[in-house]
Structures are given as C-alpha cells and as structure tokens.
$ cat start_27.csv   # CSV, C-alpha atoms
chain,number,residue,atom,x,y,z
M,283,MET,CA,-4.6,89.5,-60.7
M,284,ALA,CA,-3.5,85.9,-60.7
M,285,ALA,CA,-1.3,86.5,-57.7
M,286,ALA,CA,-4.2,88.1,-55.8
M,287,ALA,CA,-6.5,85.2,-56.6
M,288,ALA,CA,-3.9,82.7,-55.4
M,289,ALA,CA,-3.4,84.8,-52.2
M,290,ALA,CA,-7.1,84.9,-51.6
M,291,ALA,CA,-7.5,81.2,-52.1
M,292,GLY,CA,-4.7,80.7,-49.6
M,293,TRP,CA,-6.5,82.9,-47.1
M,294,ILE,CA,-9.6,80.9,-47.5
M,295,TRP,CA,-7.7,77.6,-46.9
M,296,ARG,CA,-5.8,79.0,-43.9
M,297,TRP,CA,-9.0,80.1,-42.1
M,298,GLY,CA,-10.8,76.8,-42.8
M,299,TRP,CA,-13.1,77.6,-45.7
M,300,GLY,CA,-13.1,74.5,-47.8
M,301,ARG,CA,-10.1,73.2,-45.9
M,302,ARG,CA,-8.4,70.3,-47.6
M,303,CYS,CA,-5.1,68.4,-47.5
M,304,PRO,CA,-2.6,70.2,-49.7
M,305,GLY,CA,-0.8,67.9,-52.2
M,306,ARG,CA,-3.5,65.2,-51.9
M,307,SER,CA,-6.0,65.1,-54.8
M,308,GLY,CA,-9.7,64.5,-54.3
M,309,LEU,CA,-9.9,65.6,-50.7
M,310,ARG,CA,-13.0,67.8,-50.1
M,311,GLY,CA,-13.7,70.1,-47.2
M,312,PRO,CA,-16.9,71.6,-45.7
M,313,GLY,CA,-16.5,74.9,-47.5
M,314,PRO,CA,-18.1,76.5,-50.5
M,315,GLY,CA,-17.9,75.0,-54.0
M,316,PRO,CA,-15.8,76.1,-56.9
M,317,THR,CA,-18.4,78.5,-58.3
M,318,ILE,CA,-18.8,80.4,-55.0
M,319,LEU,CA,-15.0,80.5,-54.5
M,320,LEU,CA,-14.6,81.9,-58.0
M,321,LEU,CA,-17.1,84.7,-57.3
M,322,PHE,CA,-15.4,85.4,-54.0
M,323,LEU,CA,-12.0,85.7,-55.7
M,324,LEU,CA,-13.4,88.1,-58.4
M,325,LEU,CA,-14.9,90.3,-55.7
M,326,VAL,CA,-12.0,90.6,-53.2
M,327,GLY,CA,-9.6,92.3,-55.6
M,328,PRO,CA,-6.0,92.9,-54.4
M,329,VAL,CA,-4.9,91.1,-51.2
M,330,ALA,CA,-2.3,92.3,-48.8
M,331,ALA,CA,-0.3,89.0,-48.4
M,332,ASP,CA,0.1,85.8,-50.3
M,333,ILE,CA,-0.9,82.7,-48.3
M,334,THR,CA,-0.4,79.4,-50.0
M,335,ASP,CA,-3.3,77.0,-50.5
M,336,GLY,CA,-0.9,74.1,-50.9
M,337,ASN,CA,-1.2,73.7,-54.7
M,338,SER,CA,1.5,71.8,-56.6
M,339,GLU,CA,3.0,75.1,-57.7
M,340,HIS,CA,4.2,75.6,-54.1
M,341,LEU,CA,5.6,72.1,-53.8
M,342,LYS,CA,9.4,72.1,-53.4
M,343,ARG,CA,10.4,69.0,-55.2
M,344,GLU,CA,14.1,69.4,-54.2
M,345,HIS,CA,13.0,68.8,-50.6
M,346,SER,CA,10.2,66.2,-51.3
M,347,LEU,CA,10.3,62.4,-51.4
M,348,ILE,CA,7.7,61.3,-54.0
M,349,LYS,CA,7.1,58.1,-55.9
M,350,PRO,CA,8.7,57.0,-58.2
M,351,TYR,CA,11.7,57.4,-56.0
M,352,HIS,CA,14.3,59.0,-58.3
M,353,GLY,CA,17.5,60.6,-57.1
M,354,ILE,CA,17.9,58.5,-53.9
M,355,GLY,CA,21.4,57.4,-52.9
M,356,SER,CA,23.0,57.5,-56.4
M,357,SER,CA,24.2,59.5,-59.4
M,358,SER,CA,24.3,63.3,-60.0
M,359,THR,CA,20.6,63.6,-59.3
M,360,LEU,CA,21.1,62.8,-55.7
M,361,LEU,CA,18.4,64.4,-53.5
M,362,TRP,CA,18.1,61.9,-50.6
M,363,ASP,CA,20.6,59.8,-48.8
M,364,PHE,CA,19.9,56.8,-46.6
M,365,GLN,CA,21.8,54.7,-44.2
M,366,GLY,CA,21.5,51.7,-41.8
M,367,SER,CA,18.7,49.2,-42.3
M,368,THR,CA,16.8,51.5,-44.7
M,369,MET,CA,15.5,49.6,-47.8
M,370,LEU,CA,14.2,51.3,-50.9
M,371,THR,CA,11.2,49.6,-52.8
M,372,SER,CA,8.9,50.9,-55.5
M,373,GLN,CA,6.1,51.5,-53.1
M,374,TYR,CA,7.8,52.7,-49.9
M,375,VAL,CA,11.1,53.5,-48.1
M,376,ARG,CA,11.4,51.0,-45.2
M,377,LEU,CA,13.5,52.6,-42.4
M,378,THR,CA,13.5,49.3,-40.3
M,379,PRO,CA,12.1,45.9,-40.9
M,380,ASP,CA,10.1,44.1,-38.3
M,381,GLU,CA,13.3,42.8,-36.7
M,382,ARG,CA,15.2,43.5,-33.5
M,383,SER,CA,18.0,46.0,-33.1
M,384,LYS,CA,17.7,47.8,-36.4
M,385,GLU,CA,18.2,51.5,-37.2
M,386,GLY,CA,17.7,53.3,-40.4
M,387,SER,CA,17.2,56.9,-41.7
M,388,ILE,CA,16.7,58.9,-44.9
M,389,TRP,CA,17.9,62.5,-45.3
M,390,ASN,CA,17.4,65.3,-47.8
M,391,HIS,CA,20.7,66.1,-49.5
M,392,LEU,CA,19.9,69.9,-49.7
M,393,PRO,CA,19.5,72.3,-46.8
M,394,CYS,CA,16.2,74.2,-46.7
M,395,PHE,CA,16.3,78.0,-46.7
M,396,LEU,CA,12.5,78.5,-46.4
M,397,LYS,CA,11.4,80.6,-43.4
M,398,ASP,CA,7.8,79.3,-43.7
M,399,TRP,CA,6.9,75.8,-44.7
M,400,GLU,CA,4.6,72.8,-44.4
M,401,MET,CA,5.7,69.2,-44.6
M,402,HIS,CA,3.2,66.4,-45.3
M,403,VAL,CA,4.3,62.9,-44.4
M,404,HIS,CA,2.6,59.7,-45.7
M,405,PHE,CA,3.8,56.9,-43.4
M,406,LYS,CA,2.9,53.4,-42.1
M,407,VAL,CA,3.9,51.7,-38.9
M,408,HIS,CA,2.9,48.0,-38.8
M,409,GLY,CA,4.1,44.6,-37.5
M,410,ALA,CA,3.2,41.3,-36.0
M,411,GLY,CA,3.6,42.4,-32.4
M,412,LYS,CA,0.5,42.6,-30.2
M,413,LYS,CA,-0.4,45.3,-27.8
M,414,ASN,CA,2.7,46.9,-26.1
M,415,LEU,CA,4.9,44.3,-27.8
M,416,HIS,CA,6.2,46.4,-30.6
M,417,GLY,CA,8.5,49.4,-31.0
M,418,ASP,CA,10.0,51.9,-31.1
M,419,GLY,CA,8.7,54.4,-33.6
M,420,ILE,CA,9.6,57.1,-36.2
M,421,ALA,CA,11.3,60.5,-35.8
M,422,LEU,CA,10.9,63.3,-38.3
M,423,TRP,CA,13.7,65.8,-38.3
M,424,TYR,CA,14.6,69.3,-39.3
M,425,THR,CA,18.2,69.6,-38.0
M,426,ARG,CA,21.6,71.0,-38.5
M,427,ASP,CA,23.3,67.7,-38.8
M,428,ARG,CA,22.2,64.7,-41.0
M,429,LEU,CA,23.2,61.1,-41.5
M,430,VAL,CA,24.5,60.8,-37.9
M,431,PRO,CA,23.2,57.6,-36.3
M,432,GLY,CA,22.4,57.5,-32.6
M,433,PRO,CA,20.1,56.4,-29.8
M,434,VAL,CA,17.1,58.7,-30.5
M,435,PHE,CA,15.0,56.6,-32.9
M,436,GLY,CA,18.1,55.8,-35.0
M,437,SER,CA,19.5,59.3,-35.0
M,438,LYS,CA,21.9,61.4,-32.9
M,439,ASP,CA,21.1,62.9,-29.4
M,440,ASN,CA,21.8,66.5,-28.4
M,441,PHE,CA,20.8,67.6,-31.9
M,442,HIS,CA,20.2,71.2,-33.1
M,443,GLY,CA,16.7,71.8,-34.5
M,444,LEU,CA,13.3,70.3,-34.5
M,445,ALA,CA,12.1,66.7,-33.9
M,446,ILE,CA,8.7,65.1,-34.1
M,447,PHE,CA,8.5,61.7,-32.4
M,448,LEU,CA,5.9,59.1,-33.3
M,449,ASP,CA,6.5,56.8,-30.4
M,450,THR,CA,4.8,53.5,-30.2
M,451,TYR,CA,6.2,52.0,-27.0
M,452,PRO,CA,5.9,53.3,-23.4
M,453,ASN,CA,9.3,52.8,-21.7
M,454,ASP,CA,8.1,54.7,-18.6
M,455,GLU,CA,5.8,52.3,-16.7
M,456,THR,CA,4.5,55.1,-14.5
M,457,THR,CA,3.3,57.2,-17.4
M,458,GLU,CA,-0.3,58.2,-17.8
M,459,ARG,CA,-0.1,58.9,-21.5
M,460,VAL,CA,-1.7,56.6,-24.0
M,461,PHE,CA,0.4,55.2,-26.8
M,462,PRO,CA,1.1,55.5,-29.7
M,463,TYR,CA,2.0,59.1,-28.8
M,464,ILE,CA,3.3,62.1,-30.9
M,465,SER,CA,5.5,64.7,-29.3
M,466,VAL,CA,7.6,67.7,-30.3
M,467,MET,CA,11.1,68.7,-29.1
M,468,VAL,CA,13.2,71.7,-30.0
M,469,ASN,CA,16.9,71.5,-29.1
M,470,ASN,CA,20.0,73.8,-29.3
M,471,GLY,CA,22.3,70.9,-28.6
M,472,SER,CA,22.1,71.2,-24.8
M,473,LEU,CA,19.2,68.8,-24.2
M,474,SER,CA,19.3,65.0,-24.2
M,475,TYR,CA,16.3,62.9,-25.0
M,476,ASP,CA,15.5,60.5,-22.1
M,477,HIS,CA,14.2,57.3,-23.6
M,478,SER,CA,13.4,55.9,-20.1
M,479,LYS,CA,10.9,58.7,-19.6
M,480,ASP,CA,9.8,58.7,-23.3
M,481,GLY,CA,11.2,62.2,-23.6
M,482,ARG,CA,8.7,63.7,-21.1
M,483,TRP,CA,11.2,66.2,-19.6
M,484,THR,CA,12.1,67.8,-23.0
M,485,GLU,CA,8.6,67.5,-24.6
M,486,LEU,CA,7.0,70.8,-25.6
M,487,ALA,CA,3.6,69.3,-26.4
M,488,GLY,CA,2.1,66.1,-27.6
M,489,CYS,CA,-1.1,64.0,-28.2
M,490,THR,CA,-2.2,60.4,-28.4
M,491,ALA,CA,-2.5,59.2,-32.0
M,492,ASP,CA,-3.6,55.7,-33.0
M,493,PHE,CA,-1.5,55.3,-36.1
M,494,ARG,CA,-0.1,51.7,-35.8
M,495,ASN,CA,-1.5,48.8,-37.8
M,496,ARG,CA,-4.2,50.8,-39.6
M,497,ASP,CA,-5.7,49.3,-42.7
M,498,HIS,CA,-5.8,52.6,-44.5
M,499,ASP,CA,-3.3,55.4,-45.2
M,500,THR,CA,-2.0,57.5,-42.4
M,501,PHE,CA,-0.7,61.1,-42.7
M,502,LEU,CA,0.9,63.7,-40.6
M,503,ALA,CA,1.4,67.4,-41.4
M,504,VAL,CA,3.9,69.8,-39.8
M,505,ARG,CA,3.5,73.5,-40.4
M,506,TYR,CA,6.0,76.2,-39.3
M,507,SER,CA,5.2,79.8,-40.0
M,508,ARG,CA,6.2,83.0,-38.1
M,509,GLY,CA,7.1,81.2,-34.9
M,510,ARG,CA,4.0,79.0,-34.8
M,511,LEU,CA,4.4,75.2,-35.0
M,512,THR,CA,1.4,73.1,-35.8
M,513,VAL,CA,1.2,69.3,-36.1
M,514,MET,CA,-2.0,67.7,-37.5
M,515,THR,CA,-2.9,64.1,-38.3
M,516,ASP,CA,-5.2,62.3,-40.7
M,517,LEU,CA,-5.5,58.8,-39.3
M,518,GLU,CA,-9.2,57.9,-39.6
M,519,ASP,CA,-9.4,57.7,-43.4
M,520,LYS,CA,-11.8,60.7,-43.3
M,521,ASN,CA,-9.7,63.0,-45.6
M,522,GLU,CA,-9.5,65.7,-42.9
M,523,TRP,CA,-6.9,66.9,-40.5
M,524,LYS,CA,-7.2,66.6,-36.8
M,525,ASN,CA,-5.3,69.0,-34.5
M,526,CYS,CA,-2.5,67.4,-32.4
M,527,ILE,CA,0.0,70.2,-31.4
M,528,ASP,CA,-0.2,73.9,-31.7
M,529,ILE,CA,2.5,76.1,-30.0
M,530,THR,CA,3.9,79.5,-30.6
M,531,GLY,CA,7.2,81.2,-29.8
M,532,VAL,CA,9.2,78.7,-31.8
M,533,ARG,CA,12.4,79.9,-33.5
M,534,LEU,CA,14.0,77.7,-36.1
M,535,PRO,CA,16.9,78.7,-38.3
M,536,THR,CA,17.0,78.2,-42.1
M,537,GLY,CA,19.7,76.0,-43.7
M,538,TYR,CA,18.8,72.8,-41.8
M,539,TYR,CA,18.0,69.4,-43.3
M,540,PHE,CA,14.8,67.4,-43.4
M,541,GLY,CA,15.0,63.7,-42.6
M,542,ALA,CA,13.2,60.7,-41.0
M,543,SER,CA,14.6,57.9,-38.9
M,544,ALA,CA,13.4,54.8,-37.0
M,545,GLY,CA,14.8,52.3,-34.6
M,546,THR,CA,13.9,49.0,-33.0
M,547,GLY,CA,15.3,47.3,-29.8
M,548,ASP,CA,14.1,44.2,-28.2
M,549,LEU,CA,10.7,44.9,-29.8
M,550,SER,CA,10.2,45.8,-33.4
M,551,ASP,CA,8.0,47.0,-36.2
M,552,ASN,CA,8.1,47.9,-39.9
M,553,HIS,CA,8.6,51.7,-40.2
M,554,ASP,CA,7.7,52.9,-43.7
M,555,ILE,CA,7.8,56.3,-45.3
M,556,ILE,CA,5.7,56.5,-48.5
M,557,SER,CA,6.2,60.2,-49.2
M,558,MET,CA,7.4,63.5,-47.7
M,559,LYS,CA,6.1,66.6,-49.5
M,560,LEU,CA,7.4,70.0,-48.6
M,561,PHE,CA,5.3,73.1,-49.4
M,562,GLN,CA,6.4,76.7,-49.3
M,563,LEU,CA,4.2,79.1,-47.4
M,564,MET,CA,4.0,82.5,-49.0
M,565,VAL,CA,3.9,84.7,-45.9
M,566,GLU,CA,4.6,88.4,-45.6
M,567,HIS,CA,7.2,89.3,-43.0
M,568,THR,CA,8.0,92.7,-41.4
M,569,PRO,CA,11.1,94.6,-42.4
M,570,ASP,CA,12.7,93.7,-39.0
M,571,GLU,CA,12.1,90.0,-39.7
M,572,GLU,CA,13.5,90.3,-43.2
M,573,SER,CA,16.7,91.9,-41.9
M,574,ILE,CA,17.5,88.9,-39.6
M,575,ASP,CA,20.0,86.4,-40.8
M,576,TRP,CA,17.9,83.3,-40.2
M,577,THR,CA,20.9,81.0,-40.8
M,578,LYS,CA,22.6,82.3,-37.6
M,579,ILE,CA,19.8,82.1,-35.0
M,580,GLU,CA,19.7,79.3,-32.4
M,581,PRO,CA,16.7,76.9,-32.2
M,582,SER,CA,14.6,78.0,-29.2
M,583,VAL,CA,11.1,78.3,-27.7
M,584,SER,CA,9.7,81.1,-25.7
M,585,PHE,CA,7.9,79.5,-22.8
M,586,LEU,CA,6.5,81.0,-19.6
M,587,LYS,CA,7.6,77.8,-17.9
M,588,SER,CA,9.8,74.9,-18.6
M,589,PRO,CA,8.4,71.8,-20.3
M,590,LYS,CA,9.8,70.0,-17.2
M,591,ASP,CA,7.0,71.6,-15.2
M,592,ASN,CA,4.4,69.7,-17.2
M,593,VAL,CA,3.3,66.1,-17.2
M,594,ASP,CA,0.9,64.5,-19.6
M,595,ASP,CA,-2.6,63.2,-19.2
M,596,PRO,CA,-4.2,60.4,-21.2
M,597,THR,CA,-5.6,62.8,-23.7
M,598,GLY,CA,-2.2,64.3,-24.5
M,599,ASN,CA,-2.9,67.6,-22.9
M,600,PHE,CA,-0.9,69.2,-20.1
M,601,ARG,CA,-1.7,69.8,-16.5
M,602,SER,CA,0.3,70.9,-13.5
M,603,GLY,CA,3.1,68.7,-12.2
M,604,PRO,CA,2.5,66.3,-9.4
M,605,LEU,CA,2.3,67.4,-5.7
M,606,THR,CA,5.7,66.7,-4.3
M,607,GLY,CA,6.4,66.5,-0.5
M,608,TRP,CA,7.4,70.2,-0.4
M,609,ARG,CA,4.4,71.3,-2.3
M,610,VAL,CA,2.1,69.3,0.0
M,611,PHE,CA,3.8,70.9,3.0
M,612,LEU,CA,3.5,74.4,1.7
M,613,LEU,CA,-0.2,73.8,0.7
M,614,LEU,CA,-1.0,72.6,4.2
M,615,LEU,CA,0.9,75.5,5.8
M,616,CYS,CA,-0.9,78.0,3.8
M,617,ALA,CA,-4.2,76.4,4.7
M,618,LEU,CA,-3.3,76.4,8.4
M,619,LEU,CA,-2.3,80.1,8.3
M,620,GLY,CA,-5.6,80.9,6.5
M,621,ILE,CA,-7.6,79.1,9.2
M,622,ILE,CA,-5.7,81.0,12.0
M,623,VAL,CA,-6.2,84.4,10.3
M,624,CYS,CA,-9.9,83.7,9.9
M,625,ALA,CA,-10.2,82.6,13.6
M,626,VAL,CA,-8.5,85.7,14.8
M,627,VAL,CA,-10.6,88.0,12.7
M,628,GLY,CA,-13.8,86.2,13.7
M,629,ALA,CA,-12.8,86.5,17.4
M,630,VAL,CA,-12.2,90.3,17.1
M,631,VAL,CA,-15.5,90.8,15.3
M,632,PHE,CA,-17.4,88.8,17.9
M,633,GLN,CA,-15.8,90.7,20.8
M,634,LYS,CA,-16.7,94.1,19.3
M,635,ARG,CA,-20.3,93.0,18.8
M,636,GLN,CA,-20.4,91.9,22.5
M,637,GLU,CA,-19.2,95.2,23.6
M,638,ARG,CA,-21.7,97.1,21.4
M,639,ASN,CA,-24.5,95.0,22.8
M,640,LYS,CA,-23.5,95.9,26.4
M,641,ARG,CA,-24.0,99.6,25.7
M,642,PHE,CA,-27.7,99.1,25.2
M,643,TYR,CA,-28.4,97.6,28.7
$ encode --input "start_27.csv" --output "structure tokens"
Amino acid sequence: MAAAAAAAAGWIWRWGWGRRCPGRSGLRGPGPGPTILLLFLLLVGPVAADITDGNSEHLKREHSLIKPYHGIGSSSTLLWDFQGSTMLTSQYVRLTPDERSKEGSIWNHLPCFLKDWEMHVHFKVHGAGKKNLHGDGIALWYTRDRLVPGPVFGSKDNFHGLAIFLDTYPNDETTERVFPYISVMVNNGSLSYDHSKDGRWTELAGCTADFRNRDHDTFLAVRYSRGRLTVMTDLEDKNEWKNCIDITGVRLPTGYYFGASAGTGDLSDNHDIISMKLFQLMVEHTPDEESIDWTKIEPSVSFLKSPKDNVDDPTGNFRSGPLTGWRVFLLLLCALLGIIVCAVVGAVVFQKRQERNKRFY
C-alpha cells in the first residue's frame, strides 16, 4: 500500500497537481492540499507504475553534491574530484574566479547506471563585468569521460554523452539569440562544438535565460526518462519551474559520469555550483527495453531533420533556416511557373467560353 501511495503521489507530481521542486523544502504548487491528496491516495488503490515525486528517499547521495561538502577530492570517501581553478569553500564550489583564462571542473567519481533520472542544480554566475563584458559560462555534463580539460567551457571537445551549456557571452556577432542562453547537445564523439557560432550547428534546442548576477538563488533541472529530455529553470525567485527545453527521441547510455565545468577567456565571471542533486525516477519499462544493455548503446537523437537546419530566434525557439541564394532562386522559379500555368489555364478557359458564346448567335 505504501508503494502504491508513493506511486500515486508521483503521478500527481508528474502531471502538475501540486507541482513543486523535488529536493527543495517549503516550495508549494497550485494543486490540492495535503488532506485532499491523502483522500485521493486512499481512493486510488493499486497503481500500475511507480513515478517518483522527488522525495529524499529517491535522492541518490552517491551522485549528489550537497553541503556540507564531504568526500570531495580526498580520502576513502571520495565521491567527487575537481581540477583546474576549482576552489572548494563551505558555501559553494567555485569552478572559476572572476579572472581571465581560467578553467575548472568537478566530476562525480562513480558512474551512474540509472536509466531514468532527474538532476537539480543550484548555481550562481556573477561578476563585475557589465553587459556583454563577461564570460564564458557553465557546462553540465553526463559523459563517458571525466576530468579531461579542453576548450568547451573547460572540458573536452568531441565528447560522448550529454551537455547542457549555460552560455553568457555571444561570440557570434550575427546571432539573433538573446544571452544568457541555455542549449543542449548530444554527441557520440563525432561532433565538435563551435565556439565561434556559440554551438548553433550542434544545438538540439535552447532558450534564453537571465540567470547572471541575480540577487536570489537560481536553479536548473534536467530530467531524462524514456527518451525524453526536459530542461527547466527557476530563476525568478518564484519557487516554480519554467520550461526551457523539451525534446524526445534522445538515447543516452548508462554508466556515464555527471560533472560541471566552466571557463573564462579575455572576459570572466565567478562560476559557482552550490549543489547538484540526482533523483532516481521509478519508471516502468517494457520487456524489450529491459532486455537492452544500456551500457553499450551510443548517444543519439532521432530527429526528422538535422539541428543544422535550424537557427534560433530571440525567444529561444526554432524557425526555418535563412533563405540562401539557391532557395531564393528556386522560390522565384516556382512562383514563375505557377504564374505561367495559371495564365495558360485562364487563356484556355477564356477561349472555350468565347466559342460557346458564338454558338448562340
């Protein structure tokens, strides 16, 4: 009965009844109160599948970074490793200070074998730089390799796995997107992140998110379950999630590592991680899905068209690519052919009417 109640509570949370932020106490949603929820749970009886509501019992502490920061970078209780400019304090993990040419990262020591999970990240990006005079941002990772420095926000390029980029500086002067900007990339090692274009050619989806220099806490949630990847933000101090990214057809293997990294160049910022909390999602899978060796699959995304065919608009949504010279030529050609066809058909119809009218004289 307890399992059924927990499952029903999770179903309620998943579909937005009393939606709250798992792992964060005191956050209320618009749904029914505790009494109504209790009556509902008593009435529903057995439930087909367990869906987590994000309670602490589903928190995977071995994959979570929580204050006080024990087991980081030392001793037999090692759970997290850090490198580069990363500095550990009692209140936050600073990946980079507000200084030029710094790179830092922190990585979970244990691979994650959960097929369905949700990561909540409490972070802060702040500095003395004014508008467009700061950079570069934070990357959140779920990848095969860890602790490998590189040019992509302080970590390696051509990675295997998932990356969420919290980018604060527009390198592409022709871009229409508004920064700061959050984007998602899935890679099987064959793709390279293009900093000069802010990763536009390999971006799956993204949204504008004003998370820099906020006077209150800023949060990001990443959920992956049964091929669906969702990214949400809580940046307005309203204790509620706002949708940012929601895509399906994503395949991620198990056995990869969670991490976070940041980098600065000629411009800089403080990039801080306060906490990273991983929750297990209790989702029922089909027998075929259970028979798959999820450690052997390649990271991939099933798309009807390549992300390269998309460009962003200021709201973070996607629209069709720009009209190139060939596209303009083909469009004009089709329009001209359409006009000719209409003219010919009109002339034939007109001639037949004239002939018909002559018969009556």
$ atom_distance --input "start_27.csv" --atom1 "CA of Ser465 in chain M" --atom2 "CA of Pro581 in chain M"
16.8 Å
$ closest_residue --input "start_27.csv" --among "M:Tyr539, M:Phe461, M:His352, M:Val626" --to "Phe441 in chain M" --atoms "all atoms listed in the file"
M:Tyr539
$ residues_around --input "start_27.csv" --residues "range 531-534 of chain M" --least-positions-apart "4" --cutoff "10 Å" --atoms "all atoms listed in the file" --output "ChimeraX atom specification"
/M:397-398,424-425,442-444,468-470,506-511,538,576-585
$ closest_residue --input "start_27.csv" --among "M:Pro350, M:Gly537, M:Pro433, M:Gly488" --to "Asp476 in chain M" --atoms "all atoms listed in the file"
M:Pro433
$ atom_distance --input "start_27.csv" --atom1 "CA of Asn552 in chain M" --atom2 "CA of Glu381 in chain M"
8.0 Å
$ residues_near_point --input "start_27.csv" --point "(6.4, 50.7, -54.5)" --cutoff "9 Å" --atoms "all atoms listed in the file" --output "list in words"
Lys349, Pro350, Tyr351, Leu370, Thr371, Ser372, Gln373, Tyr374, Val375 and Ile556 of chain M
$ write_last_selection --input "start_27.csv" --atoms "C-alpha atoms" --output "tab-separated table (two decimals), in the coordinates of the input"
chain	number	residue	atom	x	y	z
M	349	LYS	CA	7.10	58.10	-55.90
M	350	PRO	CA	8.70	57.00	-58.20
M	351	TYR	CA	11.70	57.40	-56.00
M	370	LEU	CA	14.20	51.30	-50.90
M	371	THR	CA	11.20	49.60	-52.80
M	372	SER	CA	8.90	50.90	-55.50
M	373	GLN	CA	6.10	51.50	-53.10
M	374	TYR	CA	7.80	52.70	-49.90
M	375	VAL	CA	11.10	53.50	-48.10
M	556	ILE	CA	5.70	56.50	-48.50
$ closest_residue --input "start_27.csv" --among "M:Leu422, M:Leu361, M:Val504, M:Val565" --to "Arg343 in chain M" --atoms "all atoms listed in the file"
M:Leu361
$ residues_around --input "start_27.csv" --residues "Ala445 in chain M" --least-positions-apart "2" --cutoff "6 Å" --atoms "only C-alpha atoms" --output "ChimeraX atom specification"
/M:422-423,466-467
$ closest_atom_pairs --input "start_27.csv" --of "range 493-525 of chain M" --to "range 413-420 of chain M" --cutoff "12 Å" --atoms "all atoms listed in the file" --output "tab-separated table"
residue	atom	partner	partner_atom	distance
M:Phe493	CA	M:Gly419	CA	10.5
M:Arg494	CA	M:Gly419	CA	9.5
M:Asn495	CA	M:Lys413	CA	10.7
M:Leu502	CA	M:Ile420	CA	11.8
$ atom_distance --input "start_27.csv" --atom1 "CA of Asp454 in chain M" --atom2 "CA of Glu485 in chain M"
14.1 Å
$ closest_residue --input "start_27.csv" --among "M:Lys634, M:Arg376, M:His404, M:Arg459" --to "Thr515 in chain M" --atoms "all atoms listed in the file"
M:His404
$ residues_near_point --input "start_27.csv" --point "(10.7, 46.7, -44.7)" --cutoff "7 Å" --atoms "all atoms listed in the file" --output "list in words"
Met369, Arg376, Leu377, Thr378, Pro379, Asp380, Asn552 and Asp554 of chain M
$ write_last_selection --input "start_27.csv" --atoms "C-alpha atoms" --output "PDB file, in the frame of the given file"
ATOM      1  CA  MET M 369      15.500  49.600 -47.800  1.00  0.00           C
ATOM      2  CA  ARG M 376      11.400  51.000 -45.200  1.00  0.00           C
ATOM      3  CA  LEU M 377      13.500  52.600 -42.400  1.00  0.00           C
ATOM      4  CA  THR M 378      13.500  49.300 -40.300  1.00  0.00           C
ATOM      5  CA  PRO M 379      12.100  45.900 -40.900  1.00  0.00           C
ATOM      6  CA  ASP M 380      10.100  44.100 -38.300  1.00  0.00           C
ATOM      7  CA  ASN M 552       8.100  47.900 -39.900  1.00  0.00           C
ATOM      8  CA  ASP M 554       7.700  52.900 -43.700  1.00  0.00           C
TER       9      ASP M 554
END
$ closest_residue --input "start_27.csv" --among "M:Arg482, M:Ile527, M:Phe395, M:Pro462" --to "Asp575 in chain M" --atoms "all atoms listed in the file"
M:Phe395
$ closest_residue --input "start_27.csv" --among "M:Thr368, M:Ser557, M:Ser543, M:Thr530" --to "Ile446 in chain M" --atoms "all atoms listed in the file"
M:Ser543
